[in-house]
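Engineer: mmCIF, C-alpha atoms, saved as data.cif, coming up:
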data_target
#
loop_
_atom_site.label_atom_id
_atom_site.label_comp_id
_atom_site.auth_asym_id
_atom_site.auth_seq_id
_atom_site.Cartn_x
_atom_site.Cartn_y
_atom_site.Cartn_z
CA MET A 198 0.00 0.00 0.00
CA ARG A 199 3.11 2.21 -0.27
CA GLY A 200 2.36 5.64 -1.65
CA GLN A 201 -1.35 5.44 -0.81
CA GLU A 202 -2.37 8.17 1.59
CA PRO A 203 -5.64 7.72 3.50
CA ARG A 204 -8.37 9.75 1.79
CA SER A 205 -8.91 13.05 3.59
CA THR A 206 -12.08 13.00 5.66
CA SER A 207 -11.24 16.15 7.58
CA SER A 208 -14.38 18.10 6.72
CA CYS A 209 -16.77 18.14 9.66
CA ALA A 210 -20.50 17.53 9.18
CA ALA A 211 -21.18 21.28 9.39
CA CYS A 212 -18.69 22.28 6.70
CA LYS A 213 -19.89 19.40 4.51
CA LEU A 214 -23.49 20.63 4.71
CA LEU A 215 -22.51 24.28 4.29
CA LYS A 216 -20.24 23.29 1.38
CA ARG A 217 -17.22 25.13 2.74
CA ARG A 218 -13.62 24.23 3.51
CA CYS A 219 -13.17 22.91 7.05
CA THR A 220 -10.22 24.73 8.61
CA PRO A 221 -8.18 23.48 11.59
CA ASN A 222 -9.84 26.10 13.81
CA CYS A 223 -13.39 25.35 12.64
CA ILE A 224 -15.69 26.02 15.61
CA PHE A 225 -18.01 23.16 14.64
CA ALA A 226 -15.46 20.40 13.88
CA PRO A 227 -14.95 19.10 17.47
CA TYR A 228 -18.70 18.65 17.97
CA PHE A 229 -20.11 17.67 14.57
CA ARG A 230 -18.28 14.61 13.28
CA SER A 231 -18.40 13.92 9.56
CA ASP A 232 -20.17 10.61 10.20
CA GLU A 233 -23.04 12.33 12.09
CA PRO A 234 -24.54 14.55 9.38
CA LYS A 235 -28.07 14.54 10.83
CA LYS A 236 -26.96 16.08 14.13
CA PHE A 237 -25.76 19.28 12.43
CA ALA A 238 -28.56 19.27 9.88
CA LYS A 239 -31.18 19.41 12.66
CA VAL A 240 -29.37 22.09 14.65
CA HIS A 241 -28.85 24.13 11.47
CA LYS A 242 -32.49 23.82 10.46
CA VAL A 243 -33.78 25.12 13.80
CA PHE A 244 -31.09 27.57 14.97
CA GLY A 245 -29.03 28.31 11.86
CA ASP A 246 -25.26 27.88 11.62
CA SER A 247 -24.59 31.54 12.34
CA ASN A 248 -26.52 31.54 15.64
CA VAL A 249 -24.99 28.21 16.72
CA SER A 250 -21.54 29.57 15.98
CA LYS A 251 -22.28 32.74 18.02
CA ILE A 252 -23.54 30.68 20.98
CA LEU A 253 -20.44 28.42 20.86
CA ILE A 254 -18.07 31.40 20.77
CA GLU A 255 -19.91 32.86 23.76
CA VAL A 256 -19.53 29.83 26.07
CA PRO A 257 -16.26 28.50 27.57
CA GLU A 258 -14.59 25.78 25.48
CA GLU A 259 -15.12 23.11 28.16
CA GLU A 260 -18.88 23.71 28.02
CA ARG A 261 -19.23 23.63 24.23
CA GLY A 262 -19.85 19.87 24.11
CA ASP A 263 -22.80 20.19 26.51
CA THR A 264 -24.01 23.24 24.58
CA VAL A 265 -24.02 21.35 21.27
CA ASN A 266 -25.78 18.36 22.85
CA SER A 267 -28.48 20.54 24.37
CA LEU A 268 -28.96 22.42 21.07
CA ALA A 269 -29.20 19.10 19.19
CA TYR A 270 -31.79 17.76 21.65
CA GLU A 271 -33.75 21.03 21.57
CA ALA A 272 -33.72 21.04 17.76
CA GLU A 273 -34.87 17.41 17.67
CA ILE A 274 -37.85 18.23 19.90
CA ARG A 275 -38.76 21.36 17.88
CA LEU A 276 -38.68 19.39 14.62
CA ARG A 277 -40.97 16.76 16.14
CA ASP A 278 -43.29 19.38 17.66
CA PRO A 279 -43.00 22.63 15.64
CA VAL A 280 -45.70 24.39 17.67
CA TYR A 281 -44.56 23.78 21.24
CA GLY A 282 -41.04 22.29 21.03
CA CYS A 283 -39.32 22.01 24.40
CA ILE A 284 -42.01 24.17 26.01
CA GLY A 285 -44.47 21.35 25.33
CA ALA A 286 -42.15 18.92 27.12
CA ILE A 287 -41.76 21.37 30.04
CA ALA A 288 -45.54 21.87 30.29
CA LEU A 289 -46.09 18.08 30.30
CA LEU A 290 -43.52 17.60 33.06
CA GLN A 291 -45.08 20.45 35.07
CA ARG A 292 -48.53 18.82 34.79
CA LYS A 293 -47.07 15.48 35.92
CA MET A 294 -45.31 17.23 38.83
CA ILE A 295 -48.54 18.91 39.95
CA GLN A 296 -50.26 15.50 39.92
CA LEU A 297 -47.40 13.94 41.91
CA GLN A 298 -47.44 16.84 44.42
CA HIS A 299 -51.20 16.35 44.82
CA ASP A 300 -50.81 12.57 45.30
CA LEU A 301 -47.97 13.11 47.79
CA ALA A 302 -49.96 15.69 49.77
CA LEU A 303 -52.89 13.26 49.94
CA ALA A 304 -50.64 10.35 50.97
CA ARG A 305 -49.03 12.49 53.68
CA ALA A 306 -52.41 13.70 54.93
CA CYS A 307 -53.53 10.07 55.12
CA LEU A 308 -50.32 9.18 56.96
CA ALA A 309 -50.92 11.99 59.44
CA TRP A 310 -54.43 10.67 60.01
CA TYR A 311 -53.21 7.08 60.48
CA THR A 312 -50.40 8.23 62.79
CA SER A 313 -52.90 10.05 64.92
CA ALA A 314 -55.39 7.16 64.77
CA ILE A 315 -52.86 4.47 65.63
CA GLY A 316 -51.88 6.32 68.78
CA SER A 317 -55.46 6.54 70.02
CA THR A 318 -58.31 4.20 70.92
CA ASP A 319 -60.93 3.19 68.35
CA ASP A 320 -63.41 5.66 69.90
CA ASP A 321 -60.88 8.51 69.87
CA ARG A 322 -60.12 7.83 66.22
CA VAL A 323 -63.64 8.71 65.16
CA ILE A 324 -63.59 11.90 67.18
CA THR A 325 -60.09 13.14 66.20
CA GLU A 326 -60.15 12.41 62.45
CA PRO A 327 -58.59 15.67 61.23
CA PHE A 328 -59.82 15.78 57.62
CA GLY A 329 -63.48 15.60 56.71
CA GLY A 330 -63.98 12.34 54.79
CA LEU A 331 -60.25 11.77 54.42
CA SER A 332 -60.44 8.26 55.80
CA ALA A 333 -62.38 7.28 52.68
CA ASP A 334 -59.50 8.53 50.45
CA CYS A 335 -57.00 6.74 52.66
CA GLY A 336 -58.66 3.35 52.23
CA MET B 170 -55.46 69.22 12.93
CA ARG B 171 -56.96 69.15 9.44
CA GLY B 172 -54.65 67.63 6.85
CA GLN B 173 -52.53 65.88 9.45
CA GLU B 174 -52.55 62.10 8.97
CA PRO B 175 -51.51 59.94 11.91
CA ARG B 176 -47.90 58.85 11.41
CA SER B 177 -47.76 55.32 10.04
CA THR B 178 -46.77 52.84 12.75
CA SER B 179 -47.66 49.78 10.72
CA SER B 180 -44.20 48.19 10.74
CA CYS B 181 -44.12 45.17 13.04
CA ALA B 182 -41.26 44.65 15.49
CA ALA B 183 -39.63 42.12 13.15
CA CYS B 184 -39.60 44.40 10.10
CA LYS B 185 -38.38 47.29 12.25
CA LEU B 186 -35.42 45.25 13.49
CA LEU B 187 -34.72 43.80 10.04
CA LYS B 188 -35.04 47.31 8.54
CA ARG B 189 -37.45 46.24 5.82
CA ARG B 190 -40.88 47.34 4.65
CA CYS B 191 -43.71 45.61 6.51
CA THR B 192 -46.20 44.35 3.93
CA PRO B 193 -49.86 43.50 4.64
CA ASN B 194 -49.05 39.80 4.34
CA CYS B 195 -45.96 39.93 6.60
CA ILE B 196 -45.76 36.56 8.38
CA PHE B 197 -44.41 38.16 11.57
CA ALA B 198 -46.78 41.16 11.91
CA PRO B 199 -49.68 39.38 13.72
CA TYR B 200 -47.32 38.03 16.40
CA PHE B 201 -44.63 40.67 16.88
CA ARG B 202 -46.26 44.00 17.71
CA SER B 203 -44.23 47.12 17.11
CA ASP B 204 -44.38 47.97 20.82
CA GLU B 205 -42.77 44.63 21.78
CA PRO B 206 -39.34 44.91 20.13
CA LYS B 207 -37.57 42.64 22.65
CA LYS B 208 -39.79 39.65 21.88
CA PHE B 209 -38.66 39.49 18.26
CA ALA B 210 -35.08 40.50 19.08
CA LYS B 211 -34.71 37.46 21.37
CA VAL B 212 -36.34 35.01 18.95
CA HIS B 213 -34.21 36.41 16.11
CA LYS B 214 -31.00 36.14 18.14
CA VAL B 215 -31.56 32.45 18.95
CA PHE B 216 -33.43 31.07 15.93
CA GLY B 217 -32.91 33.66 13.20
CA ASP B 218 -35.72 35.34 11.27
CA SER B 219 -35.43 32.91 8.36
CA ASN B 220 -35.91 29.81 10.52
CA VAL B 221 -38.77 31.40 12.47
CA SER B 222 -40.46 32.32 9.22
CA LYS B 223 -40.06 28.73 7.92
CA ILE B 224 -41.51 27.28 11.15
CA LEU B 225 -44.48 29.69 11.01
CA ILE B 226 -45.22 28.82 7.37
CA GLU B 227 -45.10 25.13 8.30
CA VAL B 228 -47.72 25.27 11.07
CA PRO B 229 -51.46 25.98 10.66
CA GLU B 230 -52.39 29.66 11.07
CA GLU B 231 -54.42 29.01 14.22
CA GLU B 232 -51.35 27.53 15.90
CA ARG B 233 -48.92 30.29 14.97
CA GLY B 234 -49.64 32.34 18.10
CA ASP B 235 -48.72 29.39 20.32
CA THR B 236 -45.68 28.69 18.12
CA VAL B 237 -44.39 32.25 18.51
CA ASN B 238 -44.98 32.20 22.26
CA SER B 239 -43.12 28.91 22.68
CA LEU B 240 -40.24 30.16 20.50
CA ALA B 241 -40.07 33.38 22.53
CA TYR B 242 -40.02 31.45 25.81
CA GLU B 243 -37.42 28.99 24.49
CA ALA B 244 -35.24 31.85 23.24
CA GLU B 245 -35.52 33.63 26.59
CA ILE B 246 -34.33 30.50 28.42
CA ARG B 247 -31.45 29.93 25.96
CA LEU B 248 -30.28 33.52 26.37
CA ARG B 249 -30.32 33.14 30.14
CA ASP B 250 -28.58 29.73 30.00
CA PRO B 251 -26.57 29.47 26.75
CA VAL B 252 -25.15 26.04 27.65
CA TYR B 253 -28.28 24.10 28.58
CA GLY B 254 -31.27 26.28 27.59
CA CYS B 255 -34.60 24.47 27.88
CA ILE B 256 -32.82 21.15 28.33
CA GLY B 257 -31.51 22.46 31.66
CA ALA B 258 -35.08 23.28 32.70
CA ILE B 259 -36.26 19.81 31.57
CA ALA B 260 -33.42 18.08 33.46
CA LEU B 261 -34.25 20.06 36.63
CA LEU B 262 -37.94 19.12 36.37
CA GLN B 263 -36.99 15.48 35.79
CA ARG B 264 -34.80 15.47 38.92
CA LYS B 265 -37.64 17.03 40.95
CA MET B 266 -40.06 14.42 39.55
CA ILE B 267 -37.76 11.55 40.53
CA GLN B 268 -37.56 12.98 44.08
CA LEU B 269 -41.36 13.34 44.22
CA GLN B 270 -41.83 9.77 42.91
CA HIS B 271 -39.43 8.52 45.59
CA ASP B 272 -41.23 10.49 48.33
CA LEU B 273 -44.61 9.24 47.10
CA ALA B 274 -43.44 5.61 47.00
CA LEU B 275 -42.14 5.96 50.58
CA ALA B 276 -45.35 7.64 51.78
CA ARG B 277 -47.44 4.88 50.15
CA ALA B 278 -45.25 2.15 51.65
CA CYS B 279 -45.71 3.79 55.05
CA LEU B 280 -49.45 4.00 54.45
CA ALA B 281 -49.56 0.31 53.56
CA TRP B 282 -47.71 -0.46 56.78
CA TYR B 283 -50.05 1.71 58.88
CA THR B 284 -53.11 0.25 57.17
CA SER B 285 -51.91 -3.21 58.04
CA ALA B 286 -50.90 -2.17 61.57
CA ILE B 287 -54.16 -0.39 62.35
CA GLY B 288 -56.12 -3.49 61.50
CA SER B 289 -54.16 -5.63 63.94
CA THR B 290 -53.41 -5.70 67.66
CA ASP B 291 -50.33 -4.01 69.10
CA ASP B 292 -48.61 -7.41 69.39
CA ASP B 293 -49.50 -8.40 65.79
CA ARG B 294 -48.12 -5.10 64.56
CA VAL B 295 -44.61 -5.91 65.68
CA ILE B 296 -44.78 -9.34 64.05
CA THR B 297 -46.39 -8.34 60.76
CA GLU B 298 -44.38 -5.19 59.95
CA PRO B 299 -43.80 -5.78 56.22
CA PHE B 300 -40.79 -3.53 55.58
CA GLY B 301 -37.56 -3.91 57.53
CA GLY B 302 -36.98 -0.68 59.42
CA LEU B 303 -39.74 1.14 57.52
CA SER B 304 -41.53 2.17 60.69
CA ALA B 305 -38.57 4.44 61.48
CA ASP B 306 -39.02 6.24 58.11
CA CYS B 307 -42.77 6.47 58.71
CA GLY B 308 -42.39 8.25 62.05
#
In structure tokens, how does this file's structure come out?
Structural biologist:
Amino acid sequence: MRGQEPRSTSSCAACKLLKRRCTPNCIFAPYFRSDEPKKFAKVHKVFGDSNVSKILIEVPEEERGDTVNSLAYEAEIRLRDPVYGCIGAIALLQRKMIQLQHDLALARACLAWYTSAIGSTDDDRVITEPFGGLSADCG
Amino acid sequence: MRGQEPRSTSSCAACKLLKRRCTPNCIFAPYFRSDEPKKFAKVHKVFGDSNVSKILIEVPEEERGDTVNSLAYEAEIRLRDPVYGCIGAIALLQRKMIQLQHDLALARACLAWYTSAIGSTDDDRVITEPFGGLSADCG
């Protein structure tokens, strides 16, 4: 194989898509490998290469990997849900949290009732039940 | 005041920022009022006017208001947290949810123990406690 140089694959996925020469100091190259073209394509479609580049320049180098990953995930969600994007995911999580907080408050109220009941006689329990009708929910 | 026409203020915030003439069929005009320049400035800085325009064209007209609001909120979060943006907010909510799920599971396990204990005698309770050491957590 003497004389055969490996074919240059130095262009990153961003420069390939943007049809430009990938330089050694390309801001995208460390985060958009040439074999992951979809990752840059999605980020480019939602944020645009210019904005992504500006964001990357703005953050410290050691945080650029996390930045690119969060942009890629955010772009993925926006492409799947063009109307709500990440905000839809946040709203869904908030609704689930409110339900969990409600369930936890109920469980704790029930626990408080049982704790009080277990420390009293059967007759006391009827008298001291602290929440109207709660014992039914605690069944 | 005869002969004095009110000064035209028909340019939307997007066209003002992009320094272009706002036409009657401007895609941005219904959602970026001229008196809300920051809303478009933020969306433009993160997504770019071209991408926002493409997203708006892609979604049904009745969903464009929600789309713009979610883009504005997403942009706001990305400008405040350039590294993680919305994904940081999602990760935080997920961590809170996991904690709530853990607390709820514990509260329900305690409830199950109390339910079983309350239906038995004091002596039975010691014997039938279903979770090793749980009664300490349920205190």
Engineer: So what does the PyMOL selection byres ((chain B and resi 257) around 12) actually pick up in this one, as a list in words?
Structural biologist: Asp263, Thr264, Asn266, Ser267, Leu268, Tyr270, Glu271, Cys283 and Ile287 of chain A; Glu243, Ile246, Arg247, Arg249, Asp250, Pro251, Val252, Tyr253, Gly254, Cys255, Ile256, Ala258, Ile259, Ala260, Leu261, Leu262, Gln263 and Arg264 of chain B
Engineer: What is the distance, in Å and to one decimal place, between CA of Leu225 in chain B and CA of Lys236 in chain A?
Structural biologist: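 Calculated distance between CA of Leu225 in chain B and CA of Lys236 in chain A is 22.4 Å.
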Engineer: Fewer than 6 positions away in the same chain doesn't count, so skip those; otherwise give me all residues within 10 Å of Arg202 in chain B, counting all atoms listed in the file, as a ChimeraX atom specification.
Structural biologist: /B:179-183,208-209
Engineer: Could you expand the PyMOL selection byres ((chain B and resi 216-222) around 10) into the explicit residues it covers here, written as a PyMOL selection string?
Structural biologist: (chain A and resi 240-249) or (chain B and resi 183-184+187+195-197+209-215+223-227+236-237+240-241+243-244)
Engineer: Restricting the calculation to all atoms listed in the file, which member of A:Cys219, A:Ala309, A:Leu303, A:Met294 is positioned closest to chain B?
Structural biologist: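 Closest to chain B of all the choices is A:Met294.
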Engineer: Return the single residue from B:Arg277, B:Leu248, B:Tyr200, B:Lys265 that is closest to Arg233 in chain B, with distances computed using only C-alpha atoms.
Structural biologist: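 When distances to Arg233 in chain B are compared using only C-alpha atoms, the smallest one comes from B:Tyr200.
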Engineer: Considering all atoms listed in the file, state which residue in the set A:Ile295, A:Lys213, A:Pro234, A:Tyr311 is at the smallest distance from chain B.
Structural biologist: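 Nearest to chain B: A:Tyr311.
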Engineer: Nearest residue to Glu230 in chain B out of B:Pro199, B:Ala274, B:Arg190, B:Gln268, using only C-alpha atoms?
Structural biologist: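 Closest to Glu230 in chain B of all the choices is B:Pro199.
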